[in-house]
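Worksheet for the structure shown next.
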Amino acid sequence: MAKKQAPKIIMVSNRGAYNLQATDSGIQPVPAISGLVSAVEPFLKEKGGVWVAWGGREAPQENSPGVRLPVPQEDPAYTFLEVPLTAGEIKLYYHGFTNGALWPLCHYFLEKCRYNSQEWSTYVRVNAKFADAALMEAREGDTVWVNDYHLALVPAQIRHRKPQLRQFFFWHIPFPHHDLLATLPWAPQILRGLLGTDVLGFHLQSYVDNFLNAVATLLGARVDFEHNVVYWQQRRIHVGAWPMGVDYQAFQRQALNPGTRARAETLRSQLGVEHLALSVERLDYTKGILERLLAWERLLEEVPEWRGRAALVQIAVPSRTAVPAYRRLKEEVEAAVGRINGRFSEGSYRPVHYFWRGLPRQELVAYYLAADVMLVTPLRDGLNLVAKEYVASRRDSSGVLVLSRFAGAAQELKGAVLVNPYDIDGMAMILNTALNMSRAEQEKRMRLLQEKVRRHDIRWWLTCFHQAMMAREEETADVSGS
Ligand code: G6P
């Protein structure tokens, strides 16, 4: 008799823990760096399962089968299953609908939204591909965990074909107010898609509220606002706010590593200034890079004492370079860096050190250790894990976190110095305060921050989700038993 398999997790996301690269010895998985990967890969490694994702490459042909690989290669713990996307699908679904419509919409950049019905129909088709791949893997008792705005239709597509399958969904970016969402011609379809899940998670209660109001207003769904529950097609969907955490202990260990500490020292002496400010993010218009550069320039104009004594390291990780708005932003950012350096460089001193590249974890932590002030000033951000990573990497409770009030993390990180990134003069003055902050004040704030980031770490986040799922199952059992 065939042995019954233990229930497993089927993780589904646009981008997984690996990008696939064709080499002379065949297709190789290259580890990808992202918040989602650091959050859930350890969990998959421990429990086993399948991660269904696009491998970041163009499928060779229209009907090429997806690659299936045991990963990590050196010590396989789970399976990576590729959803192959053609060049046309990448253009219309990834660069088109997800990053040309949903991304700007959810971040309140209505003027950047492009609504195109061909892109929408490709989004529907590609979501069905992901659902098919997940369904191929799913056995009774398994849990399908779908992530983010790329795959909003997958829950309903799965529910339709396997109604009993247990589903989670986590939406990692802001969820907009329904007035804004209503500008999208397919908003009702997006909402119906998401309501296919059992449990739906967001980072903040305000995103939960926006979602509940949207389903009530745009779909006429019955909503219990007090308990964050939606009643839809004879089912109850539980919605919750669980801000994602980072692996605090792993960052602390990395920060203690002698190699990382030595590298941080080298960076400081190479940059050769008394005060170092740092920003790290994907080169994205939501991140407020240009506004931050303007504030840095204003600071150097208004408070000349900082010239020669303070420098900003701006690490901009290349992202979505096929989308015109991202290409334009790169030009604008580079022009601003050139202008500021042209105005204020003196001898070997440069006020801005700009890097257009990603960094491996150890190098990143060395920068976190080297920086006196961390500037995380997005115009809008679902949460922002970089802010938490900086806090988790500080060993001696020094350092100042300057955080935009429009980053979701601002609601949790009470010791941060909050800024309005749209107010350039105000931001320049806050930068001045941050650079001048006394050690005692830094420590008071950093201890508060570290306590929060340590307690609400990644394990806490996974436990919250797990408990929500369990609570839902008990309730289902009660209902069916009564
Ligand atoms: C955001 C999204 C993620 C996405 C990441 C990188 O954090 O929430 O789902 O993977 O950006 O963007 P990319 O387009 O490179 O996958």
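In the structure tokens, each chain is lettered A, B, ... as it comes, each chain's residues begin at 1, and ligands are numbered from 1 in order of appearance.
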Any residue with an atom at most 9 Å from ligand 1 counts, using only C-alpha atoms and all ligand atoms. Which are they? Put them as a ChimeraX atom specification. /A:13-16,34-36,56,94-95,98-99,103,147-150,171-173,282,318-320,381-382,384
Excluding A:Glu441 and residues on its chain fewer than 4 positions from it, collect all residues at most 10 Å away from it, counting only C-alpha atoms, and give them as a PyMOL selection string. chain A and resi 398-400+415+437+445-446
If you run DSSP on the backbone here, which positions in stretch 20-196 of chain A get helix (DSSP H, G or I)? Please write them as an MDAnalysis selection string. chainID A and resid 35:47 87:106 110:112 117:137 149:151 154:161 178:181 187:194
Need the shell around A:Lys45: protein/DNA/RNA residues with any atom at most 10 Å away, counting only C-alpha atoms. Skip same-chain ones fewer than 3 positions apart. Format as an mmCIF file with C-alpha atoms, in the first residue's frame?
```cif
data_model
loop_
_atom_site.group_PDB
_atom_site.id
_atom_site.type_symbol
_atom_site.label_atom_id
_atom_site.label_comp_id
_atom_site.auth_asym_id
_atom_site.auth_seq_id
_atom_site.Cartn_x
_atom_site.Cartn_y
_atom_site.Cartn_z
ATOM 1 C CA VAL A 40 10.656 31.833 4.529
ATOM 2 C CA GLU A 41 13.544 29.816 3.138
ATOM 3 C CA PRO A 42 14.778 28.624 6.562
ATOM 4 C CA GLY A 48 10.543 20.535 3.298
ATOM 5 C CA GLY A 49 8.075 21.268 0.521
ATOM 6 C CA VAL A 50 8.000 22.994 -2.824
ATOM 7 C CA VAL A 71 17.704 22.829 -3.494
ATOM 8 C CA PRO A 72 20.027 23.929 -1.971
ATOM 9 C CA ASP A 75 22.186 19.809 0.869
ATOM 10 C CA PRO A 76 18.754 19.464 -0.769
ATOM 11 C CA ALA A 77 15.888 20.234 1.573
ATOM 12 C CA TYR A 78 13.009 21.236 -0.680
ATOM 13 C CA THR A 79 12.083 21.449 -4.372
#
```
Find the residues around stretch 153-160 of chain A up to 10 Å (only C-alpha atoms counted), leave out those fewer than 6 positions away in its own chain, and share them as a ChimeraX atom specification. /A:12,123-132,134-135,144-147,166-169,189-198
Set the distance at 7 Å and use only C-alpha atoms: which residues neighbour A:His107 once local chain neighbours fewer than 4 positions away are removed? I'd like the list as JSON, numbers by chain. {"A": [103, 174, 286, 380]}
Keeping only C-alpha atoms, write those residues as a tab-separated table (two decimals), in the first residue's frame.
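Printed below is result_15.tsv as written:
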```
chain	number	residue	atom	x	y	z
A	103	TRP	CA	2.96	48.56	-8.07
A	174	PRO	CA	0.76	48.71	0.88
A	286	THR	CA	8.88	54.73	-4.28
A	380	ARG	CA	5.72	55.05	0.43
```
Got a sec to tell me which of stretch 175-222 of chain A DSSP assigns to strand (DSSP E), as a list in words? Val199, Leu200, Gly201, Phe202 and Arg222 of chain A
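The shell of residues at most 7 Å from stretch 83-89 of chain A, with only C-alpha atoms counted and near chain neighbours (fewer than 4 positions) removed, consists of Val52, Ala53, Trp54, Glu58, Ala59, Gln61, Glu62, Ser64, Pro65, Gly66, Tyr93, Thr122 and Phe130 of chain A.
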What would the file look like if the residues just selected were written as a PDB file, in the first residue's frame with N, CA and C atoms?
```pdb
ATOM      1  N   VAL A  52       7.221  27.251  -5.705  1.00  0.00           N
ATOM      2  CA  VAL A  52       6.815  27.458  -7.093  1.00  0.00           C
ATOM      3  C   VAL A  52       7.097  28.923  -7.434  1.00  0.00           C
ATOM      4  N   ALA A  53       7.963  29.174  -8.425  1.00  0.00           N
ATOM      5  CA  ALA A  53       8.312  30.565  -8.748  1.00  0.00           C
ATOM      6  C   ALA A  53       8.849  30.661 -10.170  1.00  0.00           C
ATOM      7  N   TRP A  54       8.846  31.859 -10.672  1.00  0.00           N
ATOM      8  CA  TRP A  54       9.501  32.155 -11.943  1.00  0.00           C
ATOM      9  C   TRP A  54      11.006  32.123 -11.672  1.00  0.00           C
ATOM     10  N   GLU A  58      14.022  34.045 -19.399  1.00  0.00           N
ATOM     11  CA  GLU A  58      13.048  33.850 -20.476  1.00  0.00           C
ATOM     12  C   GLU A  58      12.965  32.379 -20.802  1.00  0.00           C
ATOM     13  N   ALA A  59      11.755  31.835 -20.881  1.00  0.00           N
ATOM     14  CA  ALA A  59      11.628  30.431 -21.271  1.00  0.00           C
ATOM     15  C   ALA A  59      12.099  30.288 -22.705  1.00  0.00           C
ATOM     16  N   GLN A  61      11.169  28.317 -25.109  1.00  0.00           N
ATOM     17  CA  GLN A  61      10.060  28.250 -26.072  1.00  0.00           C
ATOM     18  C   GLN A  61       8.722  28.432 -25.386  1.00  0.00           C
ATOM     19  N   GLU A  62       7.705  28.590 -26.213  1.00  0.00           N
ATOM     20  CA  GLU A  62       6.347  28.818 -25.723  1.00  0.00           C
ATOM     21  C   GLU A  62       5.920  27.760 -24.693  1.00  0.00           C
ATOM     22  N   SER A  64       7.891  25.393 -23.104  1.00  0.00           N
ATOM     23  CA  SER A  64       8.983  24.727 -22.371  1.00  0.00           C
ATOM     24  C   SER A  64       8.486  24.333 -20.984  1.00  0.00           C
ATOM     25  N   PRO A  65       8.823  23.102 -20.559  1.00  0.00           N
ATOM     26  CA  PRO A  65       8.421  22.718 -19.203  1.00  0.00           C
ATOM     27  C   PRO A  65       9.290  23.444 -18.181  1.00  0.00           C
ATOM     28  N   GLY A  66       8.764  23.647 -16.982  1.00  0.00           N
ATOM     29  CA  GLY A  66       9.532  24.322 -15.927  1.00  0.00           C
ATOM     30  C   GLY A  66      10.589  23.384 -15.361  1.00  0.00           C
ATOM     31  N   TYR A  93       3.096  40.758 -18.328  1.00  0.00           N
ATOM     32  CA  TYR A  93       2.686  40.449 -16.939  1.00  0.00           C
ATOM     33  C   TYR A  93       3.603  41.113 -15.914  1.00  0.00           C
ATOM     34  N   THR A 122      -2.839  39.035 -19.904  1.00  0.00           N
ATOM     35  CA  THR A 122      -1.645  38.202 -19.693  1.00  0.00           C
ATOM     36  C   THR A 122      -1.468  37.919 -18.191  1.00  0.00           C
ATOM     37  N   PHE A 130       0.698  29.789 -12.599  1.00  0.00           N
ATOM     38  CA  PHE A 130       1.196  29.565 -11.228  1.00  0.00           C
ATOM     39  C   PHE A 130       0.223  28.656 -10.464  1.00  0.00           C
TER      40      PHE A 130
END
```
Can you pull out every residue within 7 Å of A:Leu312, counting only C-alpha atoms, but drop anything in the same chain fewer than 6 positions away, and send it as a PyMOL selection string? chain A and resi 276-278+351-353
Please write the residues from the selection above to a file, keeping all heavy atoms, as a short mmCIF file (atom, residue, chain, number, x, y, z; two decimals), in the first residue's frame.
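The resulting file, result-v9.cif, is shown below:
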```
data_model
loop_
_atom_site.label_atom_id
_atom_site.label_comp_id
_atom_site.auth_asym_id
_atom_site.auth_seq_id
_atom_site.Cartn_x
_atom_site.Cartn_y
_atom_site.Cartn_z
N LEU A 276 29.26 59.21 8.85
CA LEU A 276 28.84 58.49 7.65
C LEU A 276 27.33 58.21 7.69
O LEU A 276 26.82 57.67 8.68
CB LEU A 276 29.59 57.15 7.61
CG LEU A 276 29.67 56.50 6.25
CD1 LEU A 276 30.45 57.38 5.29
CD2 LEU A 276 30.36 55.14 6.38
N ALA A 277 26.66 58.63 6.63
CA ALA A 277 25.23 58.30 6.50
C ALA A 277 25.11 57.26 5.39
O ALA A 277 25.90 57.25 4.45
CB ALA A 277 24.44 59.55 6.15
N LEU A 278 24.11 56.39 5.51
CA LEU A 278 23.97 55.29 4.55
C LEU A 278 22.52 55.13 4.11
O LEU A 278 21.60 55.28 4.92
CB LEU A 278 24.43 53.99 5.22
CG LEU A 278 24.20 52.67 4.47
CD1 LEU A 278 25.09 52.59 3.23
CD2 LEU A 278 24.47 51.45 5.38
N PRO A 351 31.06 64.23 -1.11
CA PRO A 351 29.88 64.21 -0.22
C PRO A 351 28.95 63.02 -0.46
O PRO A 351 28.22 62.61 0.44
CB PRO A 351 29.16 65.52 -0.54
CG PRO A 351 29.66 65.95 -1.88
CD PRO A 351 31.04 65.38 -2.03
N VAL A 352 28.95 62.46 -1.70
CA VAL A 352 28.07 61.31 -1.98
C VAL A 352 28.88 60.21 -2.66
O VAL A 352 29.58 60.47 -3.65
CB VAL A 352 26.89 61.69 -2.91
CG1 VAL A 352 25.97 60.49 -3.12
CG2 VAL A 352 26.10 62.86 -2.35
N HIS A 353 28.80 59.01 -2.11
CA HIS A 353 29.41 57.84 -2.77
C HIS A 353 28.25 56.99 -3.27
O HIS A 353 27.46 56.49 -2.48
CB HIS A 353 30.25 57.04 -1.76
CG HIS A 353 31.40 57.83 -1.23
ND1 HIS A 353 32.68 57.71 -1.72
CD2 HIS A 353 31.44 58.78 -0.26
CE1 HIS A 353 33.47 58.55 -1.07
NE2 HIS A 353 32.75 59.21 -0.18
#
```
Suppose you want the space between atom CA of A:Glu137 and atom CA of A:Pro163; what is it in Å? 15.1 Å
Can you write out as JSON lines which residues of stretch 178-296 of chain A fall within 10 Å of stretch 409-413 of chain A, alongside each residue's closest atom pair and its distance in Å to one decimal, counting only C-alpha atoms and ordering rows by chain and ascending residue number?
```
{"residue": "A:His203", "atom": "CA", "partner": "A:Ala409", "partner_atom": "CA", "distance": 8.7}
{"residue": "A:Leu204", "atom": "CA", "partner": "A:Gln411", "partner_atom": "CA", "distance": 8.3}
{"residue": "A:Pro243", "atom": "CA", "partner": "A:Ala409", "partner_atom": "CA", "distance": 7.9}
{"residue": "A:Met244", "atom": "CA", "partner": "A:Ala409", "partner_atom": "CA", "distance": 9.2}
{"residue": "A:Gly245", "atom": "CA", "partner": "A:Ala409", "partner_atom": "CA", "distance": 9.9}
```
May I have the selected residues written with N, CA, C and O atoms, as a PDB file, in the first residue's frame?
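Just written: part34.pdb:
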```
ATOM      1  N   HIS A 203       0.928  43.843   6.294  1.00  0.00           N
ATOM      2  CA  HIS A 203       1.851  44.299   7.327  1.00  0.00           C
ATOM      3  C   HIS A 203       1.169  45.137   8.409  1.00  0.00           C
ATOM      4  O   HIS A 203       1.565  45.107   9.561  1.00  0.00           O
ATOM      5  N   LEU A 204       0.174  45.944   8.012  1.00  0.00           N
ATOM      6  CA  LEU A 204      -0.402  46.917   8.951  1.00  0.00           C
ATOM      7  C   LEU A 204      -1.923  46.825   9.015  1.00  0.00           C
ATOM      8  O   LEU A 204      -2.573  46.471   8.027  1.00  0.00           O
ATOM      9  N   PRO A 243       3.217  42.496  10.795  1.00  0.00           N
ATOM     10  CA  PRO A 243       4.411  43.100  10.163  1.00  0.00           C
ATOM     11  C   PRO A 243       5.582  42.126  10.174  1.00  0.00           C
ATOM     12  O   PRO A 243       5.907  41.543  11.205  1.00  0.00           O
ATOM     13  N   MET A 244       6.176  41.968   9.023  1.00  0.00           N
ATOM     14  CA  MET A 244       7.251  40.982   8.869  1.00  0.00           C
ATOM     15  C   MET A 244       8.492  41.399   9.677  1.00  0.00           C
ATOM     16  O   MET A 244       8.767  42.583   9.838  1.00  0.00           O
ATOM     17  N   GLY A 245       9.211  40.405  10.171  1.00  0.00           N
ATOM     18  CA  GLY A 245      10.432  40.688  10.927  1.00  0.00           C
ATOM     19  C   GLY A 245      11.661  40.190  10.186  1.00  0.00           C
ATOM     20  O   GLY A 245      11.568  39.646   9.091  1.00  0.00           O
TER      21      GLY A 245
END
```
Given only C-alpha atoms as the basis, pick out the residue of A:Lys388, A:Lys47, A:His177, A:Lys8 nearest to A:Ala407.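 Among A:Lys388, A:Lys47, A:His177, A:Lys8, it is A:Lys388 that comes nearest to A:Ala407.
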Grab the atom CA of A:Val313 to atom CA of A:Glu331 distance for me, in Å with one decimal place.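 Going from atom CA of A:Val313 over to atom CA of A:Glu331 covers 17.8 Å.
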Separation of atom CA of A:Lys112 from atom CA of A:Ala325 in Å: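 Computing it gives 7.8 Å between the two atoms.
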